[in-house]
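Asks: Submitted below is the structure of interest, expressed as structure tokens.
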Amino acid sequence: MSEDPRGSAVPRPVKREPSMLFRILRPNSAVILLGLVFGLAVVELLASFLAYDESIDDADWRGVDAKLTGHEDEPLLVASDWLGARARMELPHARSPAMIGAPDLRGEARFWLLTHARERPWGEGLRAELEDLPEPELVAVHSFGELVLREYVLADAASERLSMLDALAEAEVSSDAGACRGTGDAWRCKEGRLSRRLVEIDYHPRDCLAVELGGGAQARVDLGRVELGDRLRGHVGFGDFNARLRSDPVGMVEVWIDGAAAARWLFTDDQGWAAFALETPPGEHALELRLSTSVLGTWQAAGYEGQPNDVFCVEARSLLEEAEPS
């Protein structure tokens with residue numbers, strides 16, 4: 001130790017070596033981190049195995065199928081996408097075209113909900129199917145092994161007076177360029193085509209009139225004189241996931257009753273399965289829908305491609321929601 005000129009000792013710094021633990025961890029930190037991640041993955045795998053160690057067997061599906069026998073006209077909802085795919089394989093009721101592409105639950109007095117035994121019956125996505133309908137009443141719960149089938153009723157169910165899709169067989173379809181050729185469920189116009197089919201809307205299949213015309217072109221669907229209720233309700237959406245990513249169309253729906261414009265709505269492709277509603281005069285009236293989109297084609301990696309890849313999907317029904325006077 002050296003002496004300070006003023007007589008006090010000056011301490012020298014002590015050289016400290018890194019601890020043994022630090023010298024081990026520092027050069028191997030990446031390997032250790034990878035090992036921790038692997039260990040966490042193993043723990044999650046074991047937890048998943050323990051949580052789902054019971055499987056759905058054939059007897060469970062047979063029990064559900066037997067319970068639904070005789071209720072083919074009543075909708076069956078499935079609480080989750082993964083269970084829905086399996087249900088369509090196992091249950092004729094779940095894969096019928098009417099069930100797969102149904103627009104909503106309006107007009108249905110009774111419906112069924114299928115869930116896994118450990119699954120919440122009403123998730124956010126499924127609850128959206130109710131829209132503004134009153135809360136359904138649970139009347140029965142049927143358990144079949146790992147499956148649970150719930151039975152619901154809807155109070156004051158509306159009665160359907162007209163389905164636009166079912167009335168297409170008698171409709172006259174035209175565009176800005178004149179009459180479109182075709183009958184029943186498919187038409188070809190100079191600007192494109194229209195057809196009734198299942199379309200993926202917001203990751204769900206929907207039965208609708210698919211409109212694929214040039215940007216700005218308008219299709220006119222004249223249903224003639226039909227029986228209307230007191231509400232015209234419908235939905236619109238845009239099909240094809242890739243097209244929705246690359247284009248930004250706006251769809252327009254106009255409703256004409258007895259030759260006069262009754263309503264007009266605009267929709268964008270990020271609204272999912274969007275609903276519209278219009279109060280209508282009950283009785284026999286002339287009904288026409290005019291449909292168009294603002295964008296033709298999509299934007300791809302190489303630039304703009306003028307193909308009508310976005311599919312404008314429309315369905316509409318006339319309902320009697322208020323009780324008829326006795």
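Convention: chains lettered A, B, ... in structure tokens order; per-chain residue numbering from 1; ligands numbered from 1 as shown.
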Hey, what does DSSP flag as strand (DSSP E) within range 27-125 of chain A? Can you give it to me as a list of chain:residue names?
Replies: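 Result set for range 27-125 of chain A (strand (DSSP E)): A:Leu76, A:Leu77, A:Val78, A:Arg110, A:Phe111, A:Trp112, A:Leu113, A:Leu114, A:Thr115, A:His116.
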Asks: Save out the residues we just selected, C-alpha atoms, as a short mmCIF file (atom, residue, chain, number, x, y, z; two decimals), in the first residue's frame.
Replies:
data_model
loop_
_atom_site.label_atom_id
_atom_site.label_comp_id
_atom_site.auth_asym_id
_atom_site.auth_seq_id
_atom_site.Cartn_x
_atom_site.Cartn_y
_atom_site.Cartn_z
CA LEU A 76 -78.06 -26.93 -35.57
CA LEU A 77 -75.31 -24.59 -34.37
CA VAL A 78 -71.86 -25.86 -33.40
CA ARG A 110 -86.43 -23.86 -32.08
CA PHE A 111 -82.74 -24.58 -32.62
CA TRP A 112 -79.97 -26.81 -31.23
CA LEU A 113 -76.45 -26.06 -30.03
CA LEU A 114 -73.71 -28.72 -30.00
CA THR A 115 -70.63 -28.29 -27.80
CA HIS A 116 -67.83 -30.31 -26.29
#
Asks: Mind checking DSSP for range 69-240 of chain A and telling me the helix (DSSP H, G or I) residues as number ranges by chain?
Replies: A: 81-90, 97-100, 124-130, 166-170
Asks: Would you mind reading off the distance between CA of Leu126 in chain A and CA of Ser80 in chain A, one decimal, in Å?
Replies: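 A separation of 8.1 Å between them.
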Asks: Write out as a PyMOL selection string the residues lying within 10 Å of Thr69 in chain A, counting only C-alpha atoms and excluding same-chain residues fewer than 3 positions away.
Replies: chain A and resi 64-66+72+92-93
Asks: Now that the selection is made, can you save its residues with N, CA and C atoms as a PDB file, in the first residue's frame?
Replies:
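The file below, part38.pdb, is the result:
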ATOM      1  N   VAL A  64     -76.129 -38.221 -30.502  1.00  0.00           N
ATOM      2  CA  VAL A  64     -76.557 -36.906 -30.994  1.00  0.00           C
ATOM      3  C   VAL A  64     -77.417 -37.058 -32.242  1.00  0.00           C
ATOM      4  N   ASP A  65     -76.986 -37.925 -33.157  1.00  0.00           N
ATOM      5  CA  ASP A  65     -77.732 -38.131 -34.402  1.00  0.00           C
ATOM      6  C   ASP A  65     -79.138 -38.648 -34.120  1.00  0.00           C
ATOM      7  N   ALA A  66     -79.258 -39.577 -33.186  1.00  0.00           N
ATOM      8  CA  ALA A  66     -80.575 -40.121 -32.847  1.00  0.00           C
ATOM      9  C   ALA A  66     -81.473 -39.043 -32.244  1.00  0.00           C
ATOM     10  N   GLU A  72     -85.074 -32.299 -38.559  1.00  0.00           N
ATOM     11  CA  GLU A  72     -84.212 -31.898 -39.675  1.00  0.00           C
ATOM     12  C   GLU A  72     -84.430 -30.450 -40.109  1.00  0.00           C
ATOM     13  N   PRO A  92     -75.531 -36.072 -40.548  1.00  0.00           N
ATOM     14  CA  PRO A  92     -76.199 -35.588 -41.767  1.00  0.00           C
ATOM     15  C   PRO A  92     -76.875 -34.241 -41.557  1.00  0.00           C
ATOM     16  N   HIS A  93     -77.407 -34.021 -40.364  1.00  0.00           N
ATOM     17  CA  HIS A  93     -78.079 -32.763 -40.055  1.00  0.00           C
ATOM     18  C   HIS A  93     -77.123 -31.578 -40.206  1.00  0.00           C
TER      19      HIS A  93
END
Asks: Give me, as a PDB file with C-alpha atoms, in the first residue's frame, all polymer residues having an atom no more than 12 Å from Arg86 in chain A, counting only C-alpha atoms and skipping those fewer than 3 positions away in the same chain.
Replies:
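Final file, result04.pdb:
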ATOM      1  CA  ILE A  56     -65.245 -38.299 -28.594  1.00  0.00           C
ATOM      2  CA  ASP A  57     -66.176 -41.803 -29.691  1.00  0.00           C
ATOM      3  CA  ASP A  58     -68.677 -43.086 -32.240  1.00  0.00           C
ATOM      4  CA  TRP A  61     -72.073 -39.094 -32.305  1.00  0.00           C
ATOM      5  CA  VAL A  78     -71.864 -25.864 -33.396  1.00  0.00           C
ATOM      6  CA  ALA A  79     -69.979 -23.890 -30.778  1.00  0.00           C
ATOM      7  CA  SER A  80     -66.481 -24.106 -32.292  1.00  0.00           C
ATOM      8  CA  ASP A  81     -64.930 -24.401 -35.741  1.00  0.00           C
ATOM      9  CA  TRP A  82     -62.928 -27.538 -34.929  1.00  0.00           C
ATOM     10  CA  LEU A  83     -66.016 -29.342 -33.647  1.00  0.00           C
ATOM     11  CA  MET A  89     -68.450 -35.560 -41.086  1.00  0.00           C
ATOM     12  CA  GLU A  90     -70.549 -37.410 -38.525  1.00  0.00           C
ATOM     13  CA  LEU A  91     -74.016 -35.810 -38.629  1.00  0.00           C
ATOM     14  CA  PRO A  92     -76.199 -35.588 -41.767  1.00  0.00           C
ATOM     15  CA  ALA A  94     -74.909 -30.645 -39.788  1.00  0.00           C
ATOM     16  CA  ARG A  95     -73.881 -31.016 -43.433  1.00  0.00           C
ATOM     17  CA  LEU A 114     -73.712 -28.718 -30.002  1.00  0.00           C
ATOM     18  CA  THR A 115     -70.635 -28.292 -27.796  1.00  0.00           C
ATOM     19  CA  HIS A 116     -67.833 -30.311 -26.287  1.00  0.00           C
ATOM     20  CA  LEU A 147     -70.742 -34.103 -26.392  1.00  0.00           C
TER      21      LEU A 147
END
